[in-house]
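First comes the structure, then the notes that go with it.
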Number of protein chains: 2
Amino acid sequence: MEYSAAPLQRLIEQFQKMPGIGAKTAQRMALFVLGEPKEEARDFALAITEAVDKLHRCSVCCNLTDGEVCPICKSSLRNRKTVCVVENVESLMAMEKTNEFKGTYHVLHGVISPLDEVGPDDITVKELLSRITADEVNEVIMATGSSVEGELTAMYISKLLKPLGVRVTRLAYGLPVGSDLQYADSVTLARALQGRLEL
Amino acid sequence: MEYSAAPLQRLIEQFQKMPGIGAKTAQRMALFVLGEPKEEARDFALAITEAVDKLHRCSVCCNLTDGEVCPICKSSLRNRKTVCVVENVESLMAMEKTNEFKGTYHVLHGVISPLDEVGPDDITVKELLSRITADEVNEVIMATGSSVEGELTAMYISKLLKPLGVRVTRLAYGLPVGSDLQYADSVTLARALQGRLEL
C-alpha cells in the first residue's frame, strides 16, 4: 500500500499477526497507538520487551512467571497435594477466576496431537511426573479441553499416574449454568445425563 | 490478579487500552506475543517505538509520514488542485482503497465539536486554508462523516472556502451498493431521494 509510510505499515502488520485481528482492526489499533501521547506508546513497547525478557516457565508448574516459582506455587495458602492439569495459561487464568480451586496447577503448554506431531515429550508431562513423588500429590484433576486431543492427553496422563497411586479426576461435563435444556447440544446433554448426581 | 506475574499483567493492561479490546482478548493477545519466538516479539516492540519516533504529520496534508511530505503529496501522478478533506488517517486509507481518487488529501485530525470543546483551531483548518492559494486548489471535496460534528465541520470549512472562489463539494449520500431498498434506514433513503440523478 503505497499511501502509508513504511513504519505505519510495519506496525499494522504486527497487529495483524495476532489471533482474530483482521486488516481493519489492526489499522485501527496501530493508529490508536500513534494517537496516544508518545510516552504511553513507548510504555507499550517496553511492556512487550519486559514481558518477553522477564517471563519464563515456573520451575514447578510451568506457569509463566518472572520469579523462580510462580505466585501460586509460592503461596502458602495453596494445597500442593492437589494439582490441576491445564492446557495453557489461559485455562489457568479462567480456573483462578472461579476462586474455587485452592490447589496448585500444572501447565502442559499444549496437548498431545499425533496429527500435528506433538507427542508427550513436547508438552510438560515429564515435569508433572517428577512433581508427583516430590510433592506427595494425592489428586490430579485433568482440566484439558473436550477436543479429541484434550481427551487423549487426559487419558494418556491418567494411565501414567494411576500406577503411582494417585487419584485422577476429570472436570464434569454437563449443562452450562443458566442455560435452557432446549438450547443444549445433544452431546453435552448426553454427557450431562451420564454424569447425573444423586439429589 | 495475584496469580499472574506483574510483567504479564502490565502487557495485558496495555492491550486492554485499545479500542474494542476487552479483558479476554487482551489476555489472548498478550499470551500470543509471549508464545511467539522472542525475536518476533522484540520486532513488535521495535515496530511500535519506530512508528512513534519516525512518524509525524506531512507538512502539506497532515497525513502521517516518515518523510518531509507523505507519499501521496510527493507523487507526481496526483492532482494537487483537487483536495479531499477527511477526518482522520483511517478515512484517508478507506478512500485510497477505492483506487478512484487521484487528487490529494487533507487530514483534519478531528472534527469541530463544541460539546467536546474542539474548535477550528484544534484541527488542521489553518493548514488547509494556506494550501488553497499556494497550490491553486480549485476543488475541495468534503469527506467528513455524517455525524452532526462531521456535517458542522463540512459546513464551516465550505463557508471559509467559497469566498476564495473554490468549488466545494460533499460526498454523496444514498443507498449502499448491493443493499435492498427495504433494509435502508429512512434517513438514508430520504437523502438518496433528495440526491437522485438523471438517467
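Here's how to read the names in the C-alpha cells: chain A, B, ... by the order shown, residue numbers from 1 in each chain, ligand numbers from 1 in the order shown.
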Please list as a count of residues only every residue within 12 Å of Lys24 (chain B), counting only C-alpha atoms and excluding residues in the same chain fewer than 5 positions away. 12
Quick one: pick out all alpha helix (DSSP H) residues within region 160-193 of chain B from a backbone DSSP run and write them as a count of residues only. 10
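For region 41-53 of chain A, the non-local neighbours within 6 Å, defined as residues at least 4 positions apart in the same chain or in other chains and counting only C-alpha atoms, are Val33 of chain A; Pro7, Leu8, Leu11, Gln14, Arg42, Ala45, Ile48 and Thr49 of chain B.
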Hey, can you spit out that residue selection with all heavy atoms as a PDB file, in the first residue's frame?
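Once written, result05.pdb looks like this:
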ATOM      1  N   VAL A  33      -2.454   3.622  18.757  1.00  0.00           N
ATOM      2  CA  VAL A  33      -1.157   3.738  19.438  1.00  0.00           C
ATOM      3  C   VAL A  33      -0.479   5.047  19.042  1.00  0.00           C
ATOM      4  O   VAL A  33       0.069   5.765  19.886  1.00  0.00           O
ATOM      5  CB  VAL A  33      -0.249   2.530  19.085  1.00  0.00           C
ATOM      6  CG1 VAL A  33       1.166   2.745  19.586  1.00  0.00           C
ATOM      7  CG2 VAL A  33      -0.817   1.259  19.683  1.00  0.00           C
TER       8      VAL A  33
ATOM      9  N   PRO B   7       4.862  -8.531  34.920  1.00  0.00           N
ATOM     10  CA  PRO B   7       5.097  -8.146  33.517  1.00  0.00           C
ATOM     11  C   PRO B   7       3.980  -8.614  32.589  1.00  0.00           C
ATOM     12  O   PRO B   7       3.615  -7.915  31.646  1.00  0.00           O
ATOM     13  CB  PRO B   7       6.414  -8.853  33.172  1.00  0.00           C
ATOM     14  CG  PRO B   7       7.077  -9.116  34.477  1.00  0.00           C
ATOM     15  CD  PRO B   7       5.963  -9.358  35.453  1.00  0.00           C
ATOM     16  N   LEU B   8       3.409  -9.777  32.878  1.00  0.00           N
ATOM     17  CA  LEU B   8       2.300 -10.285  32.064  1.00  0.00           C
ATOM     18  C   LEU B   8       1.072  -9.407  32.263  1.00  0.00           C
ATOM     19  O   LEU B   8       0.400  -9.009  31.308  1.00  0.00           O
ATOM     20  CB  LEU B   8       1.996 -11.738  32.456  1.00  0.00           C
ATOM     21  CG  LEU B   8       0.806 -12.402  31.764  1.00  0.00           C
ATOM     22  CD1 LEU B   8       0.958 -12.372  30.254  1.00  0.00           C
ATOM     23  CD2 LEU B   8       0.653 -13.849  32.233  1.00  0.00           C
ATOM     24  N   LEU B  11       1.392  -6.181  30.416  1.00  0.00           N
ATOM     25  CA  LEU B  11       1.211  -6.337  28.973  1.00  0.00           C
ATOM     26  C   LEU B  11      -0.278  -6.479  28.635  1.00  0.00           C
ATOM     27  O   LEU B  11      -0.774  -5.864  27.684  1.00  0.00           O
ATOM     28  CB  LEU B  11       1.998  -7.550  28.471  1.00  0.00           C
ATOM     29  CG  LEU B  11       2.016  -7.748  26.954  1.00  0.00           C
ATOM     30  CD1 LEU B  11       2.543  -6.514  26.235  1.00  0.00           C
ATOM     31  CD2 LEU B  11       2.853  -8.951  26.570  1.00  0.00           C
ATOM     32  N   GLN B  14      -1.897  -3.143  28.719  1.00  0.00           N
ATOM     33  CA  GLN B  14      -1.584  -2.329  27.542  1.00  0.00           C
ATOM     34  C   GLN B  14      -2.511  -2.673  26.387  1.00  0.00           C
ATOM     35  O   GLN B  14      -3.016  -1.784  25.708  1.00  0.00           O
ATOM     36  CB  GLN B  14      -0.118  -2.529  27.119  1.00  0.00           C
ATOM     37  CG  GLN B  14       0.890  -1.883  28.051  1.00  0.00           C
ATOM     38  CD  GLN B  14       0.887  -0.357  27.977  1.00  0.00           C
ATOM     39  OE1 GLN B  14       0.300   0.236  27.069  1.00  0.00           O
ATOM     40  NE2 GLN B  14       1.537   0.282  28.918  1.00  0.00           N
ATOM     41  N   ARG B  42      10.181  -9.022  19.990  1.00  0.00           N
ATOM     42  CA  ARG B  42      11.030  -7.823  20.041  1.00  0.00           C
ATOM     43  C   ARG B  42      10.809  -6.953  18.806  1.00  0.00           C
ATOM     44  O   ARG B  42      10.844  -5.734  18.881  1.00  0.00           O
ATOM     45  CB  ARG B  42      12.502  -8.216  20.157  1.00  0.00           C
ATOM     46  CG  ARG B  42      12.821  -8.763  21.525  1.00  0.00           C
ATOM     47  CD  ARG B  42      14.274  -8.577  21.918  1.00  0.00           C
ATOM     48  NE  ARG B  42      14.503  -9.311  23.153  1.00  0.00           N
ATOM     49  CZ  ARG B  42      14.879 -10.590  23.208  1.00  0.00           C
ATOM     50  NH1 ARG B  42      15.137 -11.258  22.096  1.00  0.00           N
ATOM     51  NH2 ARG B  42      15.037 -11.188  24.368  1.00  0.00           N
ATOM     52  N   ALA B  45       7.797  -4.839  19.463  1.00  0.00           N
ATOM     53  CA  ALA B  45       8.108  -3.684  20.312  1.00  0.00           C
ATOM     54  C   ALA B  45       8.854  -2.616  19.502  1.00  0.00           C
ATOM     55  O   ALA B  45       8.576  -1.421  19.613  1.00  0.00           O
ATOM     56  CB  ALA B  45       8.937  -4.127  21.507  1.00  0.00           C
ATOM     57  N   ILE B  48       6.621  -0.570  17.259  1.00  0.00           N
ATOM     58  CA  ILE B  48       5.901   0.494  17.968  1.00  0.00           C
ATOM     59  C   ILE B  48       6.807   1.710  18.177  1.00  0.00           C
ATOM     60  O   ILE B  48       6.447   2.831  17.798  1.00  0.00           O
ATOM     61  CB  ILE B  48       5.385  -0.011  19.338  1.00  0.00           C
ATOM     62  CG1 ILE B  48       4.340  -1.108  19.128  1.00  0.00           C
ATOM     63  CG2 ILE B  48       4.795   1.137  20.154  1.00  0.00           C
ATOM     64  CD1 ILE B  48       3.887  -1.779  20.406  1.00  0.00           C
ATOM     65  N   THR B  49       7.995   1.494  18.727  1.00  0.00           N
ATOM     66  CA  THR B  49       8.860   2.653  19.002  1.00  0.00           C
ATOM     67  C   THR B  49       9.262   3.346  17.705  1.00  0.00           C
ATOM     68  O   THR B  49       9.289   4.571  17.639  1.00  0.00           O
ATOM     69  CB  THR B  49      10.131   2.248  19.788  1.00  0.00           C
ATOM     70  OG1 THR B  49      10.627   1.035  19.277  1.00  0.00           O
ATOM     71  CG2 THR B  49       9.828   2.068  21.262  1.00  0.00           C
TER      72      THR B  49
END
For Leu92 (chain A), find every residue with an atom within 9 Å (counting only C-alpha atoms), except residues of its own chain fewer than 3 positions away, and show them as a PyMOL selection string. (chain A and resi 63+84-89+95-97+105-107) or (chain B and resi 3)
Produce a file of the selected residues containing C-alpha atoms, as a compact mmCIF listing (two decimals), in the first residue's frame.
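Done, and the output landed in result-v5.txt:
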# COMPACT_ATOMS: atom_id res chain seq x y z
CA ASN A 63 3.03 -21.28 34.57
CA CYS A 84 -5.00 -29.25 38.34
CA VAL A 85 -3.55 -30.01 34.90
CA VAL A 86 -4.41 -27.39 32.27
CA GLU A 87 -3.50 -26.98 28.61
CA ASN A 88 -2.28 -23.42 28.77
CA VAL A 89 -2.01 -20.23 30.81
CA MET A 95 -9.84 -21.50 36.62
CA GLU A 96 -8.38 -18.92 39.02
CA LYS A 97 -11.24 -16.54 38.29
CA TYR A 105 -1.63 -26.14 38.75
CA HIS A 106 0.40 -27.79 36.10
CA VAL A 107 0.51 -26.10 32.70
CA TYR B 3 -1.99 -15.40 40.00
Could you give me, as a ChimeraX atom specification, the residues within 7 Å of region 167-177 of chain B, counting only C-alpha atoms and dropping anything in the same chain fewer than 6 positions from it? /B:138-143,158,184,188-189,191-192
May I have the residues from that selection written out with all heavy atoms, as a PDB file, in the first residue's frame?
ATOM      1  N   ASN B 138      -8.613  24.090  -6.943  1.00  0.00           N
ATOM      2  CA  ASN B 138      -9.883  24.540  -7.493  1.00  0.00           C
ATOM      3  C   ASN B 138     -11.092  23.732  -7.026  1.00  0.00           C
ATOM      4  O   ASN B 138     -12.223  24.141  -7.220  1.00  0.00           O
ATOM      5  CB  ASN B 138      -9.833  24.625  -9.031  1.00  0.00           C
ATOM      6  CG  ASN B 138      -9.273  23.360  -9.630  1.00  0.00           C
ATOM      7  OD1 ASN B 138      -9.474  22.284  -9.085  1.00  0.00           O
ATOM      8  ND2 ASN B 138      -8.572  23.495 -10.750  1.00  0.00           N
ATOM      9  N   GLU B 139     -10.845  22.545  -6.406  1.00  0.00           N
ATOM     10  CA  GLU B 139     -11.979  21.819  -5.821  1.00  0.00           C
ATOM     11  C   GLU B 139     -11.594  21.182  -4.492  1.00  0.00           C
ATOM     12  O   GLU B 139     -10.556  20.536  -4.381  1.00  0.00           O
ATOM     13  CB  GLU B 139     -12.510  20.732  -6.762  1.00  0.00           C
ATOM     14  CG  GLU B 139     -13.705  20.004  -6.136  1.00  0.00           C
ATOM     15  CD  GLU B 139     -14.369  18.984  -7.047  1.00  0.00           C
ATOM     16  OE1 GLU B 139     -13.942  18.813  -8.200  1.00  0.00           O
ATOM     17  OE2 GLU B 139     -15.339  18.346  -6.584  1.00  0.00           O
ATOM     18  N   VAL B 140     -12.453  21.388  -3.512  1.00  0.00           N
ATOM     19  CA  VAL B 140     -12.278  20.729  -2.218  1.00  0.00           C
ATOM     20  C   VAL B 140     -13.473  19.815  -2.000  1.00  0.00           C
ATOM     21  O   VAL B 140     -14.621  20.263  -2.040  1.00  0.00           O
ATOM     22  CB  VAL B 140     -12.163  21.756  -1.067  1.00  0.00           C
ATOM     23  CG1 VAL B 140     -12.194  21.048   0.285  1.00  0.00           C
ATOM     24  CG2 VAL B 140     -10.887  22.575  -1.204  1.00  0.00           C
ATOM     25  N   ILE B 141     -13.182  18.513  -1.810  1.00  0.00           N
ATOM     26  CA  ILE B 141     -14.260  17.542  -1.573  1.00  0.00           C
ATOM     27  C   ILE B 141     -14.338  17.275  -0.077  1.00  0.00           C
ATOM     28  O   ILE B 141     -13.386  16.785   0.517  1.00  0.00           O
ATOM     29  CB  ILE B 141     -13.965  16.221  -2.318  1.00  0.00           C
ATOM     30  CG1 ILE B 141     -13.785  16.481  -3.815  1.00  0.00           C
ATOM     31  CG2 ILE B 141     -15.067  15.197  -2.060  1.00  0.00           C
ATOM     32  CD1 ILE B 141     -13.163  15.329  -4.566  1.00  0.00           C
ATOM     33  N   MET B 142     -15.459  17.621   0.541  1.00  0.00           N
ATOM     34  CA  MET B 142     -15.612  17.384   1.969  1.00  0.00           C
ATOM     35  C   MET B 142     -16.018  15.929   2.198  1.00  0.00           C
ATOM     36  O   MET B 142     -17.091  15.509   1.763  1.00  0.00           O
ATOM     37  CB  MET B 142     -16.669  18.313   2.565  1.00  0.00           C
ATOM     38  CG  MET B 142     -16.313  19.798   2.482  1.00  0.00           C
ATOM     39  SD  MET B 142     -14.730  20.225   3.256  1.00  0.00           S
ATOM     40  CE  MET B 142     -14.940  19.512   4.872  1.00  0.00           C
ATOM     41  N   ALA B 143     -15.159  15.175   2.852  1.00  0.00           N
ATOM     42  CA  ALA B 143     -15.454  13.757   3.105  1.00  0.00           C
ATOM     43  C   ALA B 143     -15.462  13.472   4.607  1.00  0.00           C
ATOM     44  O   ALA B 143     -15.071  12.405   5.044  1.00  0.00           O
ATOM     45  CB  ALA B 143     -14.441  12.869   2.374  1.00  0.00           C
ATOM     46  N   SER B 158     -16.620  24.907   4.291  1.00  0.00           N
ATOM     47  CA  SER B 158     -17.108  25.365   2.986  1.00  0.00           C
ATOM     48  C   SER B 158     -17.390  26.862   3.012  1.00  0.00           C
ATOM     49  O   SER B 158     -17.164  27.561   2.014  1.00  0.00           O
ATOM     50  CB  SER B 158     -18.341  24.564   2.562  1.00  0.00           C
ATOM     51  OG  SER B 158     -19.483  25.037   3.229  1.00  0.00           O
ATOM     52  N   ALA B 184     -32.877  -0.299   3.943  1.00  0.00           N
ATOM     53  CA  ALA B 184     -32.252   1.004   4.158  1.00  0.00           C
ATOM     54  C   ALA B 184     -32.984   1.756   5.268  1.00  0.00           C
ATOM     55  O   ALA B 184     -34.208   1.665   5.376  1.00  0.00           O
ATOM     56  CB  ALA B 184     -32.281   1.806   2.865  1.00  0.00           C
ATOM     57  N   THR B 188     -31.320   7.582   5.341  1.00  0.00           N
ATOM     58  CA  THR B 188     -30.512   7.309   4.146  1.00  0.00           C
ATOM     59  C   THR B 188     -31.380   7.356   2.894  1.00  0.00           C
ATOM     60  O   THR B 188     -31.001   7.926   1.864  1.00  0.00           O
ATOM     61  CB  THR B 188     -29.838   5.924   4.280  1.00  0.00           C
ATOM     62  OG1 THR B 188     -29.047   5.918   5.463  1.00  0.00           O
ATOM     63  CG2 THR B 188     -28.953   5.607   3.077  1.00  0.00           C
ATOM     64  N   LEU B 189     -32.562   6.752   2.999  1.00  0.00           N
ATOM     65  CA  LEU B 189     -33.469   6.701   1.864  1.00  0.00           C
ATOM     66  C   LEU B 189     -33.914   8.114   1.462  1.00  0.00           C
ATOM     67  O   LEU B 189     -33.959   8.442   0.270  1.00  0.00           O
ATOM     68  CB  LEU B 189     -34.688   5.838   2.249  1.00  0.00           C
ATOM     69  CG  LEU B 189     -35.443   5.145   1.123  1.00  0.00           C
ATOM     70  CD1 LEU B 189     -34.497   4.410   0.195  1.00  0.00           C
ATOM     71  CD2 LEU B 189     -36.465   4.170   1.698  1.00  0.00           C
ATOM     72  N   ARG B 191     -32.219  10.855   1.925  1.00  0.00           N
ATOM     73  CA  ARG B 191     -31.079  11.517   1.291  1.00  0.00           C
ATOM     74  C   ARG B 191     -30.849  11.007  -0.129  1.00  0.00           C
ATOM     75  O   ARG B 191     -30.444  11.757  -1.026  1.00  0.00           O
ATOM     76  CB  ARG B 191     -29.799  11.298   2.120  1.00  0.00           C
ATOM     77  CG  ARG B 191     -29.843  11.891   3.524  1.00  0.00           C
ATOM     78  CD  ARG B 191     -29.837  13.411   3.523  1.00  0.00           C
ATOM     79  NE  ARG B 191     -28.563  13.981   3.233  1.00  0.00           N
ATOM     80  CZ  ARG B 191     -27.722  14.462   4.150  1.00  0.00           C
ATOM     81  NH1 ARG B 191     -28.042  14.435   5.429  1.00  0.00           N
ATOM     82  NH2 ARG B 191     -26.567  14.990   3.793  1.00  0.00           N
ATOM     83  N   ALA B 192     -31.128   9.696  -0.332  1.00  0.00           N
ATOM     84  CA  ALA B 192     -30.969   9.113  -1.665  1.00  0.00           C
ATOM     85  C   ALA B 192     -31.986   9.724  -2.632  1.00  0.00           C
ATOM     86  O   ALA B 192     -31.699   9.933  -3.813  1.00  0.00           O
ATOM     87  CB  ALA B 192     -31.150   7.600  -1.594  1.00  0.00           C
TER      88      ALA B 192
END
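Considering the residues A:Gln9, A:Thr65, A:Thr153, A:Ser59 and counting only C-alpha atoms, chain B has its shortest atom-to-atom contact with A:Thr65.
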Could you tell me, as a tab-separated table (two decimals) with N, CA, C and O atoms, in the first residue's frame, which residues of region 8-198 of chain B DSSP assigns to strand (DSSP E) when given the backbone?
chain	number	residue	atom	x	y	z
B	56	HIS	N	5.33	11.49	11.70
B	56	HIS	CA	4.82	12.81	12.09
B	56	HIS	C	3.89	13.26	10.96
B	56	HIS	O	3.72	12.54	9.97
B	57	ARG	N	3.31	14.44	11.12
B	57	ARG	CA	2.36	14.89	10.11
B	57	ARG	C	3.07	15.42	8.87
B	57	ARG	O	4.05	16.16	8.98
B	64	LEU	N	0.00	11.00	8.11
B	64	LEU	CA	1.18	10.52	8.83
B	64	LEU	C	2.25	10.08	7.85
B	64	LEU	O	1.98	9.38	6.88
B	65	THR	N	3.49	10.47	8.10
B	65	THR	CA	4.57	10.13	7.20
B	65	THR	C	5.90	10.11	7.94
B	65	THR	O	6.01	10.71	9.01
B	79	ASN	N	-3.16	14.81	-8.51
B	79	ASN	CA	-3.58	16.16	-8.83
B	79	ASN	C	-3.68	17.01	-7.56
B	79	ASN	O	-4.55	16.77	-6.72
B	80	ARG	N	-2.80	17.99	-7.45
B	80	ARG	CA	-2.76	18.79	-6.23
B	80	ARG	C	-3.84	19.88	-6.21
B	80	ARG	O	-4.02	20.55	-5.22
B	81	LYS	N	-4.55	20.02	-7.31
B	81	LYS	CA	-5.59	21.06	-7.37
B	81	LYS	C	-6.94	20.57	-6.84
B	81	LYS	O	-7.88	21.35	-6.69
B	82	THR	N	-7.04	19.24	-6.63
B	82	THR	CA	-8.25	18.67	-6.02
B	82	THR	C	-7.87	18.10	-4.67
B	82	THR	O	-7.00	17.25	-4.57
B	83	VAL	N	-8.52	18.61	-3.62
B	83	VAL	CA	-8.18	18.18	-2.27
B	83	VAL	C	-9.39	17.55	-1.60
B	83	VAL	O	-10.46	18.15	-1.55
B	84	CYS	N	-9.22	16.33	-1.09
B	84	CYS	CA	-10.29	15.66	-0.36
B	84	CYS	C	-10.00	15.82	1.13
B	84	CYS	O	-8.96	15.40	1.63
B	85	VAL	N	-10.94	16.43	1.84
B	85	VAL	CA	-10.76	16.70	3.27
B	85	VAL	C	-11.36	15.55	4.09
B	85	VAL	O	-12.55	15.27	3.98
B	86	VAL	N	-10.54	14.87	4.87
B	86	VAL	CA	-11.01	13.74	5.68
B	86	VAL	C	-10.76	14.01	7.16
B	86	VAL	O	-9.90	14.81	7.52
B	103	GLY	N	-6.68	12.82	-6.66
B	103	GLY	CA	-6.26	14.10	-6.11
B	103	GLY	C	-5.40	13.89	-4.88
B	103	GLY	O	-4.83	12.83	-4.67
B	104	THR	N	-5.30	14.92	-4.05
B	104	THR	CA	-4.57	14.80	-2.79
B	104	THR	C	-5.56	14.93	-1.63
B	104	THR	O	-6.74	15.18	-1.84
B	105	TYR	N	-5.04	14.76	-0.42
B	105	TYR	CA	-5.91	14.78	0.76
B	105	TYR	C	-5.56	15.93	1.69
B	105	TYR	O	-4.49	16.54	1.58
B	106	HIS	N	-6.47	16.17	2.63
B	106	HIS	CA	-6.12	16.98	3.79
B	106	HIS	C	-6.73	16.32	5.02
B	106	HIS	O	-7.94	16.12	5.08
B	107	VAL	N	-5.88	15.94	5.96
B	107	VAL	CA	-6.35	15.23	7.15
B	107	VAL	C	-6.58	16.24	8.28
B	107	VAL	O	-5.65	16.92	8.71
B	139	GLU	N	-10.85	22.54	-6.41
B	139	GLU	CA	-11.98	21.82	-5.82
B	139	GLU	C	-11.59	21.18	-4.49
B	139	GLU	O	-10.56	20.54	-4.38
B	140	VAL	N	-12.45	21.39	-3.51
B	140	VAL	CA	-12.28	20.73	-2.22
B	140	VAL	C	-13.47	19.82	-2.00
B	140	VAL	O	-14.62	20.26	-2.04
B	141	ILE	N	-13.18	18.51	-1.81
B	141	ILE	CA	-14.26	17.54	-1.57
B	141	ILE	C	-14.34	17.28	-0.08
B	141	ILE	O	-13.39	16.78	0.52
B	142	MET	N	-15.46	17.62	0.54
B	142	MET	CA	-15.61	17.38	1.97
B	142	MET	C	-16.02	15.93	2.20
B	142	MET	O	-17.09	15.51	1.76
B	167	ARG	N	-14.41	25.60	-5.62
B	167	ARG	CA	-15.60	24.75	-5.68
B	167	ARG	C	-15.54	23.79	-4.50
B	167	ARG	O	-14.54	23.10	-4.30
B	168	VAL	N	-16.60	23.77	-3.67
B	168	VAL	CA	-16.63	22.86	-2.54
B	168	VAL	C	-17.74	21.84	-2.75
B	168	VAL	O	-18.89	22.20	-2.97
B	169	THR	N	-17.39	20.56	-2.70
B	169	THR	CA	-18.39	19.51	-2.90
B	169	THR	C	-18.43	18.60	-1.67
B	169	THR	O	-17.58	18.69	-0.79
B	170	ARG	N	-19.43	17.74	-1.62
B	170	ARG	CA	-19.60	16.83	-0.49
B	170	ARG	C	-19.82	15.45	-1.06
B	170	ARG	O	-20.47	15.30	-2.11
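The space separating CA of Gly165 (chain B) from CA of Leu129 (chain B) comes to 12.3 Å.
Put simply, CA of Leu161 (chain B) is 8.4 Å away from CA of Ile132 (chain B).
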